[in-house]
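**Student:** Have a look at this one before I ask anything.
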Amino acid sequence: MTTARRPCIGVFDSGFGGLTVLKELVALAPDADYIYFGDTARLPYGSKSAETVAKYGIGAAHYLEQHGAQMLVIACNTATALALDQITQASSVPVVGVVEPGAARATAASQTRKVVVIGTEATVSSHAYAKALQARGIQATEKACPLFVPLVEEGWADHPVAEQVARIYLDQAFAGDFESADVLVLGCTHYPLLKPLLHRLAPGGVTIVDSADSTARVVSQLLRKGLPKPSAESERRGMPRLKFFVTDSVEKFRRLGAQFLGTPIEDVQHVELKE
């Protein structure tokens with residue numbers, strides 16, 4: 001991987017969801033190349049201890065650095081919530097997680113200073129978003145939505161079943177003191193695929209903040225400040241090079257991943273990380 005011509009960014013996730021972050025990165029920061037590591041053999045991270053998640057995350061970070069990454073994006077809410085500090089300490093390049101950018105964007109968007117966060121059980125029980133929002137003077141309620149990930153991976157994002165489930169979750173989240181909440185934070189990288197549905201079902205006037213898009217904006221700003229400028233030759237090339245490493249089935253990753261990335265996935269290699 002040649003890194004002098006164009007900056008190279010490593011993107012890490014437990015599986016497929018981080019591809020929504022990669023999709024936004026390619027749109028907002030197209031003058032970098034990207035390598036994506038999906039730890040598909042060991043997902044989901046949500047049921048694992050913080051110690052285990054940190055160990056897996058550090059392993060992936062080192063792998064991406066060895067392959068030329070000059071910046072790391074932890075495109076996994078669980079890994080960001082449970083292990084961002086440990087991964088950052090173990091890395092020799094800048095590391096960006098998905099929680100702080102999402103919290104910053106939600107803060108800027110909220111008039112009522114009340115925000116609803118939806119995510120996986122692990123992300124919600126870490127209270128990473130609530131803490132990040134409270135530090136900015138925002139009241140947050142967090143709602144775990146465990147059925148959303150399997151529905152998205154089944155390709156049922158616009159199925160009537162997904163609509164019923166989403167209606168129940170949102171009714172419970174926008175209740176009591178949080179009826180006046182005016183921002184909904186998607187605290188899981190699978191959830192952008194549910195955005196059209198959530199827009200339809202959320203109370204009127206609620207802004208949806210997607211941590212994937214928020215993170216890509218932060219990375220794009222950092223790129224403008226810090227990493228090597230692309231050469232004229234790589235400028236002419238236009239589109240980023242995308243390379244993918246996965247710890248489980250390449251075929252499944254190609255098939256499912258295309259739904260998340262919105263384009264076919266070409267260059268995928270299977271890797272085995274030592275425990």
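Simple scheme: letters A, B, ... for chains in structure tokens order, numbers from 1 for residues in each chain, numbers from 1 for ligands in the order shown.
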Identify, with DSSP run on backbone atoms, the residues in region 63-273 of chain A assigned to helix (DSSP H, G or I), and express the list as an MDAnalysis selection string.
**Tutor:** chainID A and resid 63:66 77:90 99:109 121:126 128:134 148:153 160:173 176:180 191:201 211:225 232:237 250:261
**Student:** Show which residues sit within 12 Å of Thr20 (chain A), as a VMD selection string. Count only C-alpha atoms, and ignore same-chain residues fewer than 5 positions away.
**Tutor:** chain A and resid 11 to 13 15 25 to 27 36 75 to 76 98 186 188 to 195 210 to 216 257 to 263
**Student:** So which residues touch Ala128 (chain A) within 9 Å, counting only C-alpha atoms, skipping near sequence neighbours fewer than 4 positions away, as a list in words?
**Tutor:**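 Counting only the stated atoms, we get Thr80, Ala81, Leu82, Val99, Glu100, Thr123, Val124, Ala132 and Leu133 of chain A.
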**Student:** Those selected residues, please, written with N, CA and C atoms and delivered as a compact mmCIF listing (two decimals), in the first residue's frame.
**Tutor:**
```
# COMPACT_ATOMS: atom_id res chain seq x y z
N THR A 80 -16.17 1.84 20.41
CA THR A 80 -15.91 3.22 20.83
C THR A 80 -16.32 3.42 22.28
N ALA A 81 -17.53 2.93 22.60
CA ALA A 81 -18.07 3.13 23.95
C ALA A 81 -17.25 2.40 25.01
N LEU A 82 -16.77 1.20 24.69
CA LEU A 82 -16.10 0.38 25.71
C LEU A 82 -14.58 0.48 25.71
N VAL A 99 -18.70 8.15 18.91
CA VAL A 99 -19.60 8.70 19.93
C VAL A 99 -19.50 10.22 20.03
N GLU A 100 -18.27 10.75 20.19
CA GLU A 100 -18.11 12.21 20.37
C GLU A 100 -18.66 13.02 19.18
N THR A 123 -23.96 -0.62 23.92
CA THR A 123 -23.71 0.82 23.81
C THR A 123 -24.54 1.58 24.83
N VAL A 124 -25.81 1.18 24.95
CA VAL A 124 -26.70 1.86 25.91
C VAL A 124 -26.23 1.62 27.35
N ALA A 132 -21.38 11.80 27.18
CA ALA A 132 -20.87 12.79 26.22
C ALA A 132 -21.85 13.95 26.06
N LEU A 133 -23.14 13.65 26.09
CA LEU A 133 -24.17 14.69 25.95
C LEU A 133 -24.30 15.52 27.23
```
**Student:** Using only C-alpha atoms, can you tell me which of A:Ser180, A:Ser47, A:Gln70, A:Ser14 comes closest to Ile35 (chain A)?
**Tutor:**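 Ranked by minimum distance to Ile35 (chain A), first place goes to A:Gln70.
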**Student:** Quick one: pick out all strand (DSSP E or B) residues within region 139-240 of chain A from a backbone DSSP run and write them as a list of chain:residue names.
**Tutor:** A:Gln139, A:Ala140, A:Thr141, A:Glu142, A:Lys143, A:Ala144, A:Val183, A:Leu184, A:Val185, A:Leu186, A:Gly187, A:Thr207, A:Ile208, A:Val209, A:Asp210
**Student:** Tell me which protein, DNA and RNA residues are within 9 Å of Lys243 (chain A), counting only C-alpha atoms, leaving out same-chain ones fewer than 2 positions away, and put them as an MDAnalysis selection string.
**Tutor:** chainID A and resid 33:37 241 245 265:269
**Student:** Kindly indicate which residue among A:Arg217, A:Asp85, A:Gln134, A:Met71 lies nearest to Val53 (chain A), using only C-alpha atoms for the distances.
**Tutor:**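 Comparing A:Arg217, A:Asp85, A:Gln134, A:Met71 against Val53 (chain A), the winner is A:Asp85.
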**Student:** For Tyr169 (chain A), which of A:Glu142, A:Asp248, A:Asp31, A:Glu65 is the closest residue, counting only C-alpha atoms?
**Tutor:**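 Ranked by minimum distance to Tyr169 (chain A), first place goes to A:Glu142.
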**Student:** What is the distance between CA of Leu184 (chain A) and CA of Val165 (chain A), in Å to one decimal?
**Tutor:** 16.3 Å
**Student:** Counting only C-alpha atoms, what is within 8 Å of Ala109 (chain A), bar same-chain residues fewer than 3 positions away, as a PyMOL selection string?
**Tutor:** chain A and resi 105-106+183+207
**Student:** Let's have the selection written as a compact mmCIF listing (two decimals), in the first residue's frame, with C-alpha atoms.
**Tutor:**
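And here's part13.txt as it stands now:
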```
# COMPACT_ATOMS: atom_id res chain seq x y z
CA ARG A 105 -23.77 17.15 16.29
CA ALA A 106 -26.79 16.35 18.49
CA VAL A 183 -33.09 15.07 18.38
CA THR A 207 -33.81 15.96 13.83
```
**Student:** At a cut-off of 9 Å, using only C-alpha atoms, what residues contact Ala140 (chain A)? Leave out same-chain residues fewer than 5 positions from it and give the result as a PyMOL selection string.
**Tutor:** chain A and resi 113-117+129-131+133-134+178+181
**Student:** Return the single residue from A:Glu51, A:Thr40, A:Ile138, A:Val185 that is closest to Pro101 (chain A), with distances computed using only C-alpha atoms.
**Tutor:**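 Nearest candidate to Pro101 (chain A) out of A:Glu51, A:Thr40, A:Ile138, A:Val185: A:Val185.
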**Student:** Which residue is closest to Asp158 (chain A)? Choose from A:Ile208, A:Gly226, A:Leu197, A:Ile58 and count only C-alpha atoms.
**Tutor:**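 Nearest candidate to Asp158 (chain A) out of A:Ile208, A:Gly226, A:Leu197, A:Ile58: A:Leu197.
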**Student:** Measuring between only C-alpha atoms, which one of A:Gly46, A:Leu223, A:Tyr56, A:Ser110 shows the shortest distance to Ala144 (chain A)?
**Tutor:**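 Ranked by minimum distance to Ala144 (chain A), first place goes to A:Gly46.
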**Student:** Skip region 145-155 of chain A itself and residues of its chain fewer than 2 positions away, then list as a short mmCIF file (atom, residue, chain, number, x, y, z; two decimals) with C-alpha atoms, in the first residue's frame all residues within 6 Å of it, counting only C-alpha atoms.
**Tutor:**
```cif
data_model
loop_
_atom_site.label_atom_id
_atom_site.label_comp_id
_atom_site.auth_asym_id
_atom_site.auth_seq_id
_atom_site.Cartn_x
_atom_site.Cartn_y
_atom_site.Cartn_z
CA GLY A 119 -28.38 1.81 20.19
CA THR A 120 -27.48 -1.76 21.04
CA ALA A 157 -35.34 -2.31 6.85
#
```
**Student:** Please report the interatomic distance between CA of Ala173 (chain A) and CA of Ala83 (chain A) in Å with one decimal.
**Tutor:**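 It comes out at 26.3 Å.
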